[in-house]
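Have a look at model25.txt below; it lists compact mmCIF, C-alpha atoms.
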```
# COMPACT_ATOMS: atom_id res chain seq x y z
CA MET A 1 0.00 0.00 0.00
CA PRO A 2 1.43 3.46 -0.89
CA ARG A 3 2.42 5.52 2.16
CA SER A 4 -0.01 8.29 1.20
CA LEU A 5 -2.84 5.76 1.22
CA LEU A 6 -1.67 4.41 4.56
CA VAL A 7 -1.71 7.92 6.03
CA LEU A 8 -5.26 8.40 4.81
CA LEU A 9 -6.21 5.07 6.31
CA ARG A 10 -4.62 5.90 9.66
CA ARG A 11 -6.31 9.30 9.65
CA ARG A 12 -9.84 8.25 8.90
CA LEU A 13 -10.30 4.53 9.27
CA PHE A 14 -11.80 4.62 12.75
CA TRP A 15 -14.29 7.36 12.30
CA LEU A 16 -16.38 5.71 14.86
CA THR A 17 -14.31 4.36 17.22
CA LEU A 18 -13.88 7.29 15.37
CA LEU A 19 -16.96 8.25 13.26
CA LEU A 20 -18.80 10.15 15.90
CA THR A 21 -16.17 9.31 18.30
CA VAL A 22 -15.54 9.44 21.86
CA TRP A 23 -16.69 7.97 25.02
CA LEU A 24 -19.08 8.76 27.86
CA LEU A 25 -17.40 8.99 31.24
CA CYS A 26 -20.52 8.94 33.40
CA SER A 27 -24.17 9.91 32.84
CA GLY A 28 -23.60 12.33 29.97
CA GLN A 29 -24.42 15.39 32.10
CA ALA A 30 -20.97 16.97 31.89
CA GLN A 31 -20.84 20.70 31.19
CA ALA A 32 -18.96 22.57 28.48
CA GLY A 33 -15.32 23.19 29.18
CA PRO A 34 -11.80 22.49 27.89
CA ILE A 35 -12.86 20.23 25.00
CA ALA A 36 -15.09 22.89 23.45
CA ASP A 37 -12.40 25.52 23.98
CA ARG A 38 -9.79 23.32 22.33
CA LEU A 39 -12.00 22.70 19.31
CA ALA A 40 -12.62 26.43 18.94
CA ALA A 41 -8.86 27.10 19.06
CA PHE A 42 -8.08 25.07 15.92
CA PRO A 43 -5.39 25.02 14.55
CA ASN A 44 -3.56 26.43 17.57
CA TRP A 45 -3.23 23.16 19.45
CA GLY A 46 -0.37 22.48 21.83
CA SER A 47 0.16 19.24 23.73
CA LYS A 48 -2.40 16.47 24.14
CA SER A 49 -5.53 17.19 26.12
CA ALA A 50 -5.97 15.71 29.61
CA LEU A 51 -8.36 12.76 29.33
CA ALA A 52 -9.50 9.97 31.64
CA ALA A 53 -8.74 6.31 30.96
CA VAL A 54 -11.40 4.42 29.01
CA GLN A 55 -14.37 2.88 30.79
CA GLY A 56 -16.86 0.90 28.72
CA ASP A 57 -18.54 2.05 25.54
CA LEU A 58 -19.52 5.53 24.36
CA VAL A 59 -23.19 6.32 24.94
CA TYR A 60 -24.64 8.84 22.49
CA PRO A 61 -27.75 11.04 22.81
CA ASP A 62 -30.88 9.18 21.77
CA TRP A 63 -31.43 11.63 18.91
CA LEU A 64 -28.53 9.88 17.14
CA ARG A 65 -30.27 6.50 17.23
CA GLY A 66 -31.20 5.13 13.80
CA ASP A 67 -29.85 4.72 10.27
CA TRP A 68 -28.14 7.71 8.65
CA GLN A 69 -26.45 8.76 5.45
CA LEU A 70 -23.16 10.39 6.43
CA THR A 71 -21.38 13.01 4.34
CA SER A 72 -17.87 13.87 5.54
CA THR A 73 -15.95 16.76 3.95
CA LEU A 74 -12.37 17.79 4.69
CA VAL A 75 -12.48 21.59 5.05
CA ASP A 76 -9.06 22.43 6.52
CA LEU A 77 -5.72 20.87 7.46
CA ALA A 78 -2.58 22.03 9.22
CA ALA A 79 0.94 20.80 9.99
CA PRO A 80 1.78 22.70 13.22
CA LEU A 81 5.45 21.60 13.26
CA ALA A 82 6.21 22.17 9.57
CA PRO A 83 8.63 22.42 7.93
CA GLU A 84 10.69 20.49 10.48
CA LEU A 85 8.11 17.71 10.91
CA VAL A 86 5.48 16.81 8.30
CA THR A 87 3.77 13.42 8.13
CA PRO A 88 4.07 11.38 4.89
CA GLY A 89 1.23 12.15 2.51
CA PHE A 90 0.16 15.35 4.26
CA GLU A 91 0.61 17.60 1.23
CA GLY A 92 -1.06 15.04 -1.00
CA ASN A 93 -4.09 15.09 1.27
CA ARG A 94 -4.79 18.67 0.19
CA ASP A 95 -6.39 17.09 -2.86
CA GLN A 96 -9.15 15.88 -0.53
CA LEU A 97 -10.16 19.42 0.48
CA GLY A 98 -13.79 20.09 -0.34
CA GLN A 99 -14.37 16.55 -1.63
CA PRO A 100 -17.38 14.98 0.16
CA VAL A 101 -17.33 11.28 1.01
CA THR A 102 -20.69 9.60 1.65
CA CYS A 103 -21.61 6.30 3.30
CA PRO A 104 -24.30 4.77 5.55
CA VAL A 105 -23.82 4.61 9.33
CA ARG A 106 -26.07 3.54 12.18
CA PHE A 107 -26.57 3.84 15.92
CA VAL A 108 -28.45 1.18 17.83
CA ALA A 109 -30.11 0.62 21.21
CA THR A 110 -28.46 -1.68 23.73
CA LEU A 111 -28.95 -2.42 27.41
CA PRO A 112 -26.26 -0.96 29.67
CA ARG A 113 -23.77 -3.38 31.18
CA ALA A 114 -22.93 -3.62 34.84
CA GLN A 115 -19.36 -4.25 35.99
CA GLY A 116 -17.63 -3.33 32.75
CA TRP A 117 -18.43 -5.86 30.04
CA LEU A 118 -19.68 -8.79 32.08
CA PRO A 119 -22.92 -10.18 30.57
CA ILE A 120 -25.23 -8.36 33.01
CA ALA A 121 -27.79 -6.04 31.41
CA THR A 122 -29.61 -3.45 33.53
CA GLY A 123 -31.63 -0.25 33.13
CA ALA A 124 -33.11 1.46 30.07
CA PRO A 125 -31.64 0.99 26.57
CA GLN A 126 -28.76 3.27 25.60
CA THR A 127 -27.66 4.47 22.16
CA VAL A 128 -24.28 3.24 20.91
CA ALA A 129 -22.56 3.06 17.53
CA ASP A 130 -22.68 -0.11 15.46
CA ARG A 131 -18.89 -0.11 15.30
CA ALA A 132 -18.34 -3.01 12.94
CA PHE A 133 -20.90 -1.72 10.42
CA ASN A 134 -19.74 1.91 10.62
CA GLY A 135 -16.05 1.06 10.51
CA LEU A 136 -16.45 -1.12 7.42
CA SER A 137 -18.74 1.38 5.68
CA MET A 138 -16.39 4.33 6.25
CA ALA A 139 -13.21 2.43 5.40
CA ARG A 140 -14.62 1.16 2.12
CA ALA A 141 -15.93 4.62 1.22
CA TYR A 142 -12.35 5.94 1.42
CA LEU A 143 -10.30 2.95 0.30
CA GLY A 144 -12.60 0.75 -1.78
CA ASP A 145 -14.23 -2.65 -1.33
CA GLU A 146 -11.25 -4.54 -2.69
CA VAL A 147 -8.80 -3.05 -0.19
CA VAL A 148 -10.93 -3.43 2.96
CA LYS A 149 -11.92 -7.04 3.64
CA ALA A 150 -13.56 -6.81 7.08
CA VAL A 151 -13.81 -4.84 10.31
CA LYS A 152 -14.05 -6.71 13.61
CA VAL A 153 -14.77 -5.38 17.09
CA ASP A 154 -13.49 -7.32 20.09
CA ALA A 155 -16.55 -8.96 21.68
CA LYS A 156 -15.06 -8.47 25.15
CA ASN A 157 -13.70 -4.97 24.60
CA PRO A 158 -15.60 -2.33 22.57
CA ASN A 159 -12.46 -0.18 22.61
CA ARG A 160 -10.47 -2.54 20.37
CA GLN A 161 -11.15 -2.76 16.62
CA LEU A 162 -9.34 -4.66 13.90
CA THR A 163 -9.50 -3.79 10.18
CA LEU A 164 -8.43 -6.53 7.79
CA LEU A 165 -6.92 -5.37 4.48
CA ASP A 166 -5.84 -7.10 1.31
CA GLY A 167 -2.40 -8.65 1.19
CA ASN A 168 -2.64 -9.97 4.78
CA ARG A 169 -2.37 -6.46 6.20
CA GLN A 170 -4.27 -5.24 9.23
CA LEU A 171 -4.81 -2.11 11.27
CA GLU A 172 -5.53 -2.43 14.99
CA SER A 173 -6.99 0.48 16.95
CA THR A 174 -7.35 0.58 20.74
CA VAL A 175 -8.99 3.48 22.55
CA THR A 176 -6.96 4.53 25.57
CA ALA A 177 -8.57 7.76 26.81
CA ARG A 178 -11.78 9.73 26.32
CA GLY A 179 -13.91 12.66 27.44
CA VAL A 180 -17.39 14.18 26.92
CA GLU A 181 -18.94 17.61 27.36
CA THR A 182 -22.37 19.08 26.64
CA ALA A 183 -22.84 22.72 25.69
CA ASP A 184 -26.18 24.29 24.80
CA ASP A 185 -27.53 22.00 22.05
CA GLN A 186 -24.19 20.28 21.38
CA PHE A 187 -22.81 16.87 22.32
CA ILE A 188 -19.00 17.18 22.30
CA THR A 189 -16.70 14.19 22.45
CA VAL A 190 -13.00 13.38 22.25
CA GLU A 191 -11.11 10.09 22.17
CA ARG A 192 -7.48 9.11 21.94
CA PHE A 193 -6.38 5.77 20.54
CA GLN A 194 -3.28 3.83 19.66
CA GLN A 195 -2.96 2.38 16.15
CA VAL A 196 -0.75 -0.40 14.90
CA PHE A 197 -0.41 -1.20 11.20
CA ARG A 198 0.93 -4.66 10.43
CA GLY A 199 1.88 -5.97 7.03
CA GLY A 200 5.22 -4.40 6.27
CA ALA A 201 8.69 -5.36 7.38
CA ILE A 202 8.02 -3.92 10.85
CA PRO A 203 4.80 -2.75 12.57
CA TYR A 204 4.01 0.98 12.32
CA PHE A 205 2.67 2.74 15.46
CA ASN A 206 1.01 6.09 15.92
CA GLU A 207 -1.53 7.87 18.12
CA VAL A 208 -4.66 9.70 16.99
CA GLU A 209 -7.08 11.97 18.84
CA THR A 210 -10.48 12.86 17.39
CA THR A 211 -12.69 15.64 18.73
CA THR A 212 -16.27 16.07 17.50
CA ALA A 213 -19.12 18.47 18.33
CA TYR A 214 -22.58 17.28 17.20
CA ARG A 215 -25.77 19.29 17.09
CA GLN A 216 -29.27 18.38 16.01
CA VAL A 217 -30.70 20.65 13.31
CA ALA A 218 -34.28 19.84 12.26
CA ASP A 219 -34.22 16.36 10.68
CA ARG A 220 -30.44 16.05 10.49
CA VAL A 221 -27.29 16.15 12.59
CA LEU A 222 -24.33 18.43 11.82
CA ALA A 223 -20.87 18.06 13.33
CA ASP A 224 -17.49 19.80 13.44
CA GLN A 225 -14.67 17.27 13.76
CA VAL A 226 -10.89 17.57 14.17
CA THR A 227 -8.49 14.62 13.93
CA ALA A 228 -5.01 15.15 15.39
CA VAL A 229 -2.11 12.82 14.55
CA TYR A 230 0.72 12.33 17.06
CA LEU A 231 3.97 10.44 16.75
CA SER A 232 4.40 7.30 18.83
CA PRO A 233 7.42 6.74 21.10
CA GLN A 234 8.74 4.30 18.47
CA ASP A 235 9.07 7.11 15.91
CA PRO A 236 12.61 8.52 15.58
CA ASP A 237 11.20 12.08 15.61
CA PHE A 238 9.12 11.53 18.77
CA LEU A 239 11.35 13.72 20.98
CA LYS A 240 11.20 16.55 18.45
CA ALA A 241 7.41 16.53 18.50
CA GLN A 242 7.18 16.44 22.33
CA ASN A 243 3.55 15.26 22.33
CA ARG A 244 2.45 18.02 19.97
CA PRO A 245 0.30 17.11 16.95
CA VAL A 246 2.18 16.71 13.67
CA ALA A 247 -1.00 16.89 11.55
CA LEU A 248 -4.49 18.29 12.05
CA TYR A 249 -7.50 17.58 9.82
CA ARG A 250 -10.83 19.39 10.16
CA TYR A 251 -14.06 17.94 8.78
CA GLN A 252 -17.67 19.01 8.44
CA LEU A 253 -20.09 16.11 8.95
CA GLU A 254 -23.72 15.88 7.96
CA LEU A 255 -26.00 12.97 8.89
CA VAL A 256 -29.38 12.63 7.21
CA MET A 257 -31.87 10.13 8.63
CA GLN A 258 -32.73 7.27 6.30
CA THR A 259 -36.36 6.16 6.11
```
Step by step, read the file and then write its structure as structure tokens.
Amino acid sequence: MPRSLLVLLRRRLFWLTLLLTVWLLCSGQAQAGPIADRLAAFPNWGSKSALAAVQGDLVYPDWLRGDWQLTSTLVDLAAPLAPELVTPGFEGNRDQLGQPVTCPVRFVATLPRAQGWLPIATGAPQTVADRAFNGLSMARAYLGDEVVKAVKVDAKNPNRQLTLLDGNRQLESTVTARGVETADDQFITVERFQQVFRGGAIPYFNEVETTTAYRQVADRVLADQVTAVYLSPQDPDFLKAQNRPVALYRYQLELVMQT
């Protein structure tokens, strides 16, 4: 796989571990704060945001439950550490500016689980992403059906997702930290996850953080999303980056309910 294609895959493959990404820390009643401020400060981002360790699955507002047609459009990008540090394929990704990508996604009702992910269901149904469906749909929209063979979510851990590619290649994503805020009519989320690409001579590691603010507008949902790419400790330029993002990508999302 060309490196530019791999960068695109790493950037967007987990839109929902990724797609509407991020994870609920408690009851969803958090108030607006640092996450909203950070999103508004784009592209002036410094070090990584302070997030809590993952706990269970992300619970979305019930107004996201259902089947949707997603349109994702790259509207801006930045390389904060250029020209000293620029990720492979960054300049080539400018060709994606203003080019909408469309695919189906869905959010389903599930019973909450007690004690992590033990098989104990209690309380009223909650809205969560159909991760396997959304991950496969989004990956194929960007990379094509022939490249993306399958997307699997760990049955015991909703924070771990595996994407199987042609040529015995695979991309593993594990969510490590997350946060949620609500502000006025917005549901704002952020997640950080480790990614490992296997299939070359040696595994490739990196870290990605995705921040998204959703708002319900009439019969659709609009969102502002920023994906930040960080170097992993295995990267030879890690000390130069000092936990600052090496690439930032801003998207406008639109979800239209399917009947």
Restrict the calculation to only C-alpha atoms, then for each residue of stretch 172-238 of chain A with any atom at most 10 Å from an atom of stretch 78-100 of chain A give the closest atom pair and their distance in Å to one decimal, rows by chain and rising residue number, as CSV.
```
residue,atom,partner,partner_atom,distance
A:Ala228,CA,A:Ala78,CA,9.6
A:Val229,CA,A:Thr87,CA,8.7
A:Tyr230,CA,A:Thr87,CA,9.5
A:Leu231,CA,A:Thr87,CA,9.1
A:Asp237,CA,A:Leu85,CA,8.0
```
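Across the structure, atom CA of A:Thr176 and atom CA of A:Phe193 are spaced 5.2 Å apart.
Among the candidates A:Val59, A:Glu181, A:Ile202, A:Leu143, the residue lying nearest to A:Leu111 is A:Val59 (atoms considered: only C-alpha atoms).
For the point (-7.7, 8.7, 25.9), the residues with at least one atom inside 6 Å, counting only C-alpha atoms, are Leu51, Ala53, Thr176, Ala177, Arg178, Glu191 and Arg192 of chain A.
Between A:Pro233 and the residues A:Val256, A:Ala141, A:Tyr204, A:Tyr249, the shortest atom-to-atom distance, using all atoms listed in the file, involves A:Tyr204.
If all atoms listed in the file are the atoms counted, then among A:Arg169, A:Arg244, A:Arg215, A:Arg106 the closest residue to A:Lys48 is A:Arg244.
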Residue nearest A:Gln55 - candidates A:Gln186, A:Asn157, A:Gln216, A:Asn168, atoms counted: all atoms listed in the file
A:Asn157
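Nearest to A:Thr110 of all the residues A:Ala129, A:Leu77, A:Val208, A:Val175 is A:Ala129, counting all atoms listed in the file.
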Pairwise distance, atom CA of A:Asp185 with atom CA of A:Ile35, equals 15.1 Å
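Note that the spacing between atom CA of A:Gln161 and atom CA of A:Thr174 amounts to 6.5 Å.
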Here's a test: counting only C-alpha atoms, identify every protein, DNA and RNA residue with an atom at most 7 Å from (-24.4, 12.8, 8.9) in the file's coordinate frame, and state them as a list in words.
Trp68, Gln69, Leu70, Thr71, Val221, Leu222, Leu253, Glu254, Leu255 and Val256 of chain A
Using the selection just defined, write its residues with C-alpha atoms as a PDB file, keeping the file's coordinate frame.
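Output file selection-v7.pdb follows:
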```pdb
ATOM      1  CA  TRP A  68     -28.140   7.710   8.650  1.00  0.00           C
ATOM      2  CA  GLN A  69     -26.450   8.760   5.450  1.00  0.00           C
ATOM      3  CA  LEU A  70     -23.160  10.390   6.430  1.00  0.00           C
ATOM      4  CA  THR A  71     -21.380  13.010   4.340  1.00  0.00           C
ATOM      5  CA  VAL A 221     -27.290  16.150  12.590  1.00  0.00           C
ATOM      6  CA  LEU A 222     -24.330  18.430  11.820  1.00  0.00           C
ATOM      7  CA  LEU A 253     -20.090  16.110   8.950  1.00  0.00           C
ATOM      8  CA  GLU A 254     -23.720  15.880   7.960  1.00  0.00           C
ATOM      9  CA  LEU A 255     -26.000  12.970   8.890  1.00  0.00           C
ATOM     10  CA  VAL A 256     -29.380  12.630   7.210  1.00  0.00           C
TER      11      VAL A 256
END
```
